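Student: One structure, as C-alpha cells, below. Some questions next.
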Amino acid sequence: MHAQDFSLITNIEGRKTFSLNGNWQIIIDPYENGYYNYRYEPAENGYFKNQKPQNKSELVEYDFDKSELLKVPGDWNTQMEKLLLYEGTIWYKKDFNYSLKKNRRLFVHFGAVNYKAFVYLNGEKLGEHEGGFIPFNFEITNLVKEKDNFLILKVDNKRSREFVPTVNTDWYNYGGITRDVNLIEVSSAFIKDYFIQLSKESNNKIAGWIKLDGTSMQEIKIKIPEINSENAFYANDSGYCTFSFNADVELWSPENPRLYEVIIESESDTIKEIIGFRRIEVNGPDILLNGKNIFLKGISAHEEAPLRGGRANTKEDAKTILSWIKELNGNFIRLAHYPHNENVTRAADEMGILVWSEIPVYWTILWNNEKTFMNARNQLTEMIKRDKNRASVILWSVSNETPLSSERLSFLKKLTEQARFLDSTRLITAALENHYINENTIMIDDPFGEYLDVIGLNEYLGWYDGLPEKADKINYQTKYHKPIIVSEFGADALQGLHGDSLTRWTEEYQVNVYEHQIKLMQRFPNLSGMTPWILADFRSPRRNLPGIQDHWNRKGLISDRGIKKKAFYILQKFYSENWKN
C-alpha cells in the first residue's frame with residue numbers, strides 16, 4: 001500500500017464534525033439559468049452568489065429563502081413527485097454559523113453527490129467534483145465566518161456518454177446530495193490519512209503508512225490498548241512514515257468479526273479508528289481467508305433503501321440489508337455497481353460480512369476517451385482511499401459486463417495497475433460475461449482474466465438464456481487456474497404472483513431457476529463463491545412492463561416492501577448446508 005497525496009480526508013467518524021444534514025433550500029433549474037447567461041456562457045453573478053435585491057427596483061429572478069426544501073442526505077426523486085424522473089440541475093443552499101478557533105482548520109466533506117457538483121461558500125467557488133458515489137472535501141478555513149455562512153451546490157445528474165457510468169445503466173439515476181454533509185475541524189497540523197493492516201506475509205505483523213498534513217518530521221505513535229501495544233515512528237520531511245510491528249491480535253473473520261480500537265497520535269493530533277485484522281489471498285483456484293479456504297456465500301445488492309425506496313443512506317438501512325444476508329446464512333455481499341455508503345462497509349466490519357466493492361465502469365463506456373479513463377481512475381482511487389482500513393472489504397472490482405476490445409483491455413488493465421499500486425493487500429476482480437464455444441459449452445477465456453486475481457462471471461441461464469432446465473446441459477470450462485465467483489444469475493418474480501414453474505414473472509419460475517442454478521454451481525469449475533442477482537427489488541427506468549415491473553427490476557429475493565419471495569428460502573437452505581466449507 002502506497003501513500004498518495006490526494007485531498008480526501010479519511011475516517012470522518014473519528015474526527016470532530018458538525019453536521020450540515022437536514023433541510024436545504026433548493027431551486028430546480030433545468031435550463032441552468034443560475035449558471036449560464038443567455039449566450040450559454042458562465043455568468044459571474046449566478047445563483048451561487050445568493051444575491052438579494054438592494055432596493056425595490058433591482059431585478060433578481062431567484063430567492064433561495066422563498067424556495068422549496070429537500071432533505072439531505074437524500075435523493076430528490078423520491079422526495080417530490082414532480083422530480084421522480086427529473087434529470088438535470090438543482091441548486092442547494094444551507095446556512096450555518098461556525099466559530100473556528102485560532103490554529104484550527106475546517107473542511108467541508110460530502111459523502112456523495114450525484115453526479116456533478118459545483119461547490120461555493122459565501123459566493124466563492126471551492127471546486128468541482130464528478131462521480132456520484134464517492135466522497136470529496138474542500139478546505140474552507142480562510143472563507144468561513146462566525147455567522148451567516150451560506151454553502152451552495154449546483155448538483156447535476158444528467159447522464160452523458162463520456163461519464164462513468166455512461167448513459168445506459170440498469171439502475172435508477174437518483175439525483176441530489178445523497179450522503180452526509182459534515183464540517184470537519186482539525187488542528188493546523190493533523191493526521192490526514194493512514195493504512196493499518198496485517199502484513200501479507202504474517203498473521204502477527206501489522207504494517208502500513210501514515211500521512212500528516214501541515215507538518216513534517218514528527219514522532220507518531222500507534223497504540224492498540226486491548227493488547228498493550230504501543231510503537232513509535234517518525235515522519236519524514238514530507239510528513240509521511242511507513243511502519244511495521246509485531247502484535248498478537250485475534251484475526252477478523254465472519255465467524256469472529258473481532259475489531260480493535262487503534263489510536264494514532266502525532267505531536268499535534270490524535271485520531272481513533274476501529275480496525276479488524278485479517279489476510280486475504282488466493283492459492284490456485286481457492287480464496288484463502290487467514291490462510292484457510294473459504295467459500296463466499298453471497299448475494300448482490302443495489303443501494304436501494306429497504307422498505308421505503310430511494311437511495312439508502314442511513315446506518316439503519318445498512319444494518320437491515322446486512323441482516324437479510326445473515327438470515328440467508330450468507331457471509332458475503334457484492335455492492336453493485338458502484339461504491340455504497342460507508343455505513344455499509346463499517347457495519348459489515350461489525351457484523352462479519354465480506355465485501356466486494358465496485359466502481360461503475362459498466363457496460364459500454366468510452367474506452368478511448370482519456371477524460372473518461374481519468375474519471376474512472378479517480379473513482380477507483382477514492383473508493384480505495386475511503387475503505388482501505390475496512391477488514392470486510394476483500395475485493396476491488398473494476399468493471400461489470402464490458403464488451404471485448406483491445407481498447408477496453410488497455411483501459412481495464414491500467415485500472416488494475418492503479419488498484420494494486422494503491423492496495424497490494426486485497427484481491428482484484430471484475431464481472432465478465434459468457435462465451436459459448438458450442439451449443440452446450442461455455443468457456444471462461446476473456447483476456448482481461450489474465451490480470452485479475454479472482455474471476456467474476458455473470459450468467460442468466462433460465463432467464464435471458466433459455467429456460468431453467470438449460471442449466472442442466474451446460475458445461476463450463478475455464479482457461480484460468482484462478483478462483484471464480486458467479487457474480488450474477490437470477491430471474492424476475494413479482495412477489496405474490498403465483499403460477500406453475502414455467503410461467504414467467506411468478507415466484508415459482510424464480511424458484512425453478514434457482515433450483516437448476518444450484519445444481520450447476522455444484523459442478524462449476526474453480527467455484528469459490530456466488531452472488532446471485534439480487535437481494536431486493538430495485539428501481540430501474542429500463543423495466544417497463546405494466547403491472548409487473550412498473551420501473552422496478554424484480555429479480556430481488558425480497559420485494560420492495562420487504563416481503564421474502566419463495567426463492568429466498570431455496571438459497572437460504574443451500575447456504576445452510578455449508579457446501580464446500
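Labeling convention for the C-alpha cells: chains A, B, ... as they appear, residues from 1 per chain, ligands from 1 in order of appearance.
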Write out as JSON lines the residues of region 74-140 of chain A that have any atom within 9 Å of an atom of region 180-193 of chain A, one row each with the nearest atom pair and its distance in Å to one decimal, counting only C-alpha atoms, sorted by chain and then rising number.

Tutor:
```
{"residue": "A:Gly74", "atom": "CA", "partner": "A:Asp180", "partner_atom": "CA", "distance": 8.8}
{"residue": "A:Leu100", "atom": "CA", "partner": "A:Glu185", "partner_atom": "CA", "distance": 8.2}
{"residue": "A:Lys102", "atom": "CA", "partner": "A:Ser188", "partner_atom": "CA", "distance": 8.9}
{"residue": "A:Asn103", "atom": "CA", "partner": "A:Ser188", "partner_atom": "CA", "distance": 5.3}
{"residue": "A:Arg104", "atom": "CA", "partner": "A:Ser187", "partner_atom": "CA", "distance": 4.6}
{"residue": "A:Arg105", "atom": "CA", "partner": "A:Val186", "partner_atom": "CA", "distance": 5.3}
{"residue": "A:Leu106", "atom": "CA", "partner": "A:Glu185", "partner_atom": "CA", "distance": 4.6}
{"residue": "A:Phe107", "atom": "CA", "partner": "A:Ile184", "partner_atom": "CA", "distance": 5.0}
{"residue": "A:Val108", "atom": "CA", "partner": "A:Leu183", "partner_atom": "CA", "distance": 4.5}
{"residue": "A:His109", "atom": "CA", "partner": "A:Asn182", "partner_atom": "CA", "distance": 5.2}
{"residue": "A:Phe110", "atom": "CA", "partner": "A:Val181", "partner_atom": "CA", "distance": 4.7}
{"residue": "A:Gly111", "atom": "CA", "partner": "A:Asp180", "partner_atom": "CA", "distance": 5.2}
{"residue": "A:Ala112", "atom": "CA", "partner": "A:Asp180", "partner_atom": "CA", "distance": 7.5}
```

Student: Would you return as a list in words the members of region 320-422 of chain A that DSSP assigns to strand (DSSP E or B) on this structure's backbone?

Tutor: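 Answer for region 320-422 of chain A, restricted to strand (DSSP E or B): Phe332, Ile333, Arg334, Leu335, Leu354, Val355, Trp356, Ser357, Glu358, Tyr362, Val393, Ile394, Leu395, Trp396, Ser397, Val398, Ser399 and Asn400 of chain A.
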
Student: Between A:Thr441, A:Glu130, A:Leu457, A:Ala493, which has the minimum distance to Asn475 (chain A) (counting only C-alpha atoms)?

Tutor: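 Among A:Thr441, A:Glu130, A:Leu457, A:Ala493, it is A:Thr441 that comes nearest to Asn475 (chain A).
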
Student: Please produce, as CSV, a per-residue contact table for region 358-463 of chain A versus region 512-518 of chain A (criterion: any atom at most 12 Å away, only C-alpha atoms considered), showing the nearest atom pair and its distance in Å to one decimal, sorted by chain then residue number.

Tutor:
```
residue,atom,partner,partner_atom,distance
A:Glu459,CA,A:Gln517,CA,10.0
A:Tyr460,CA,A:Val513,CA,9.2
A:Leu461,CA,A:Gln517,CA,7.9
A:Gly462,CA,A:Val513,CA,5.8
A:Trp463,CA,A:Val513,CA,7.7
```

Student: Just C-alpha atoms for this one: save the residues we selected as a tab-separated table (two decimals), in the first residue's frame.

Tutor:
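Writing the result to part.tsv gives the following:
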```tsv
chain	number	residue	atom	x	y	z
A	459	GLU	CA	-24.76	-15.64	-16.48
A	460	TYR	CA	-28.54	-15.76	-16.85
A	461	LEU	CA	-29.31	-19.32	-17.86
A	462	GLY	CA	-33.04	-19.76	-17.48
A	463	TRP	CA	-33.99	-16.12	-17.84
```

Student: Can you work out which one of A:Glu450, A:Glu508, A:Glu469, A:Glu382 has the shortest atom-to-atom distance to Thr416 (chain A), counting only C-alpha atoms?

Tutor: A:Glu450

Student: Any idea what's packed within 9 Å of Tyr35 (chain A), counting only C-alpha atoms, ignoring anything in its chain fewer than 4 positions away? Could you give it as a JSON list (two decimals) with C-alpha atoms, in the first residue's frame?

Tutor:
```
[["chain", "number", "residue", "atom", "x", "y", "z"],
["A", 40, "TYR", "CA", -24.73, 29.96, -22.65],
["A", 41, "GLU", "CA", -21.57, 31.37, -21.09],
["A", 42, "PRO", "CA", -20.80, 31.01, -17.37],
["A", 43, "ALA", "CA", -22.24, 34.00, -15.56],
["A", 44, "GLU", "CA", -20.24, 35.94, -12.99],
["A", 45, "ASN", "CA", -23.30, 36.55, -10.87],
["A", 46, "GLY", "CA", -25.07, 33.21, -10.80],
["A", 47, "TYR", "CA", -27.24, 31.65, -8.12],
["A", 48, "PHE", "CA", -24.08, 30.81, -6.15],
["A", 154, "LYS", "CA", -25.03, 23.18, -8.18]]
```

Student: Would you return as an MDAnalysis selection string the members of region 236-380 of chain A that DSSP assigns to helix (DSSP H, G or I) on this structure's backbone?

Tutor: chainID A and resid 315:327 342:351 370:380

Student: When distances are computed from only C-alpha atoms, which of A:Arg311, A:Arg408, A:Lys371, A:Arg504 shows the smallest separation from Arg179 (chain A)?

Tutor: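 Result for the nearest residue to Arg179 (chain A): A:Arg311.
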
Student: Using only C-alpha atoms for the distances, tell me which of A:Leu198, A:Ile263, A:Leu452, A:Leu70 is nearest to Phe243 (chain A).

Tutor: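 Closest to Phe243 (chain A), using only C-alpha atoms: A:Leu198.
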
Student: Between CA of Trp367 (chain A) and CA of Gly127 (chain A), what is the distance, to one decimal in Å?

Tutor: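 For CA of Trp367 (chain A) relative to CA of Gly127 (chain A), the distance reads 26.6 Å.
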
Student: Please list as a ChimeraX atom specification every residue within 10 Å of Tyr436 (chain A), counting only C-alpha atoms and excluding residues in the same chain fewer than 3 positions away.

Tutor: /A:439-444,474-476

Student: For the residues in that selection, give me N, CA and C atoms as a PDB file, in the first residue's frame.

Tutor:
```
ATOM      1  N   GLU A 439     -22.814 -25.412 -28.545  1.00  0.00           N
ATOM      2  CA  GLU A 439     -24.170 -25.281 -28.017  1.00  0.00           C
ATOM      3  C   GLU A 439     -24.249 -25.482 -26.510  1.00  0.00           C
ATOM      4  N   ASN A 440     -23.431 -26.375 -25.977  1.00  0.00           N
ATOM      5  CA  ASN A 440     -23.539 -26.729 -24.563  1.00  0.00           C
ATOM      6  C   ASN A 440     -22.297 -26.412 -23.745  1.00  0.00           C
ATOM      7  N   THR A 441     -21.335 -25.708 -24.340  1.00  0.00           N
ATOM      8  CA  THR A 441     -20.083 -25.435 -23.628  1.00  0.00           C
ATOM      9  C   THR A 441     -19.800 -23.948 -23.611  1.00  0.00           C
ATOM     10  N   ILE A 442     -19.547 -23.436 -22.421  1.00  0.00           N
ATOM     11  CA  ILE A 442     -19.176 -22.038 -22.228  1.00  0.00           C
ATOM     12  C   ILE A 442     -17.754 -21.987 -21.695  1.00  0.00           C
ATOM     13  N   MET A 443     -16.915 -21.199 -22.366  1.00  0.00           N
ATOM     14  CA  MET A 443     -15.505 -21.077 -21.988  1.00  0.00           C
ATOM     15  C   MET A 443     -15.266 -19.725 -21.319  1.00  0.00           C
ATOM     16  N   ILE A 444     -14.655 -19.749 -20.168  1.00  0.00           N
ATOM     17  CA  ILE A 444     -14.248 -18.523 -19.486  1.00  0.00           C
ATOM     18  C   ILE A 444     -12.837 -18.202 -19.958  1.00  0.00           C
ATOM     19  N   ILE A 474     -25.453 -27.381 -19.598  1.00  0.00           N
ATOM     20  CA  ILE A 474     -24.305 -26.527 -19.864  1.00  0.00           C
ATOM     21  C   ILE A 474     -23.069 -27.023 -19.121  1.00  0.00           C
ATOM     22  N   ASN A 475     -21.973 -27.038 -19.850  1.00  0.00           N
ATOM     23  CA  ASN A 475     -20.680 -27.399 -19.269  1.00  0.00           C
ATOM     24  C   ASN A 475     -19.778 -26.169 -19.298  1.00  0.00           C
ATOM     25  N   TYR A 476     -19.341 -25.715 -18.145  1.00  0.00           N
ATOM     26  CA  TYR A 476     -18.430 -24.575 -18.063  1.00  0.00           C
ATOM     27  C   TYR A 476     -16.991 -25.055 -18.042  1.00  0.00           C
TER      28      TYR A 476
END
```

Student: Tell me which protein, DNA and RNA residues are within 6 Å of region 419-435 of chain A, counting only C-alpha atoms, leaving out same-chain ones fewer than 2 positions away, and put them as a JSON list (two decimals) with N, CA and C atoms, in the first residue's frame.

Tutor:
```json
[["chain", "number", "residue", "atom", "x", "y", "z"],
["A", 1, "MET", "N", 0.86, -1.20, 0.00],
["A", 1, "MET", "CA", 0.00, 0.00, 0.00],
["A", 1, "MET", "C", 0.89, 1.24, 0.00],
["A", 2, "HIS", "N", 0.66, 2.17, -0.90],
["A", 2, "HIS", "CA", 1.48, 3.37, -1.03],
["A", 2, "HIS", "C", 0.66, 4.60, -0.66],
["A", 394, "ILE", "N", -12.72, -7.24, 0.78],
["A", 394, "ILE", "CA", -11.67, -8.15, 0.31],
["A", 394, "ILE", "C", -11.45, -8.08, -1.19],
["A", 395, "LEU", "N", -12.40, -7.49, -1.93],
["A", 395, "LEU", "CA", -12.31, -7.45, -3.39],
["A", 395, "LEU", "C", -12.59, -6.06, -3.90],
["A", 396, "TRP", "N", -11.69, -5.54, -4.75],
["A", 396, "TRP", "CA", -11.94, -4.33, -5.52],
["A", 396, "TRP", "C", -12.32, -4.77, -6.93],
["A", 397, "SER", "N", -13.49, -4.36, -7.39],
["A", 397, "SER", "CA", -13.92, -4.69, -8.75],
["A", 397, "SER", "C", -13.82, -3.46, -9.64],
["A", 398, "VAL", "N", -13.26, -3.65, -10.82],
["A", 398, "VAL", "CA", -13.01, -2.52, -11.72],
["A", 398, "VAL", "C", -14.00, -2.42, -12.87],
["A", 399, "SER", "N", -14.92, -3.40, -13.03],
["A", 399, "SER", "CA", -15.86, -3.29, -14.16],
["A", 399, "SER", "C", -16.94, -4.35, -14.07],
["A", 400, "ASN", "N", -17.99, -4.15, -14.88],
["A", 400, "ASN", "CA", -19.09, -5.10, -14.97],
["A", 400, "ASN", "C", -19.58, -5.21, -16.41],
["A", 401, "GLU", "N", -19.58, -6.44, -16.95],
["A", 401, "GLU", "CA", -20.18, -6.76, -18.25],
["A", 401, "GLU", "C", -19.72, -5.83, -19.37],
["A", 416, "THR", "N", -6.46, -1.94, -13.06],
["A", 416, "THR", "CA", -5.94, -2.96, -12.14],
["A", 416, "THR", "C", -4.56, -2.56, -11.63],
["A", 417, "GLU", "N", -3.76, -1.94, -12.48],
["A", 417, "GLU", "CA", -2.44, -1.49, -12.04],
["A", 417, "GLU", "C", -2.57, -0.41, -10.97],
["A", 442, "ILE", "N", -19.55, -23.44, -22.42],
["A", 442, "ILE", "CA", -19.18, -22.04, -22.23],
["A", 442, "ILE", "C", -17.75, -21.99, -21.70],
["A", 443, "MET", "N", -16.91, -21.20, -22.37],
["A", 443, "MET", "CA", -15.51, -21.08, -21.99],
["A", 443, "MET", "C", -15.27, -19.73, -21.32],
["A", 452, "LEU", "N", -6.60, -10.44, -13.47],
["A", 452, "LEU", "CA", -7.41, -10.47, -12.26],
["A", 452, "LEU", "C", -6.93, -11.54, -11.29],
["A", 453, "ASP", "N", -7.17, -11.32, -10.01],
["A", 453, "ASP", "CA", -6.89, -12.35, -9.00],
["A", 453, "ASP", "C", -8.05, -13.33, -8.91],
["A", 454, "VAL", "N", -9.26, -12.80, -9.07],
["A", 454, "VAL", "CA", -10.48, -13.61, -8.98],
["A", 454, "VAL", "C", -11.35, -13.26, -10.18],
["A", 455, "ILE", "N", -11.89, -14.28, -10.84],
["A", 455, "ILE", "CA", -12.75, -14.08, -12.00],
["A", 455, "ILE", "C", -14.20, -13.99, -11.54],
["A", 456, "GLY", "N", -14.86, -12.90, -11.88],
["A", 456, "GLY", "CA", -16.31, -12.81, -11.69],
["A", 456, "GLY", "C", -17.01, -13.15, -12.99],
["A", 457, "LEU", "N", -18.12, -13.86, -12.91],
["A", 457, "LEU", "CA", -18.84, -14.27, -14.12],
["A", 457, "LEU", "C", -20.34, -14.05, -13.93],
["A", 458, "ASN", "N", -20.94, -13.31, -14.86],
["A", 458, "ASN", "CA", -22.38, -13.12, -14.89],
["A", 458, "ASN", "C", -23.00, -14.05, -15.92]]
```

Student: Quick check, in Å to one decimal: how far apart do CA of Glu201 (chain A) and CA of Glu358 (chain A) lie?

Tutor: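 These two atoms are separated by 26.0 Å.
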
Student: Mind pulling up the distance from CA of Asn313 (chain A) to CA of Asn343 (chain A)?

Tutor: 7.7 Å
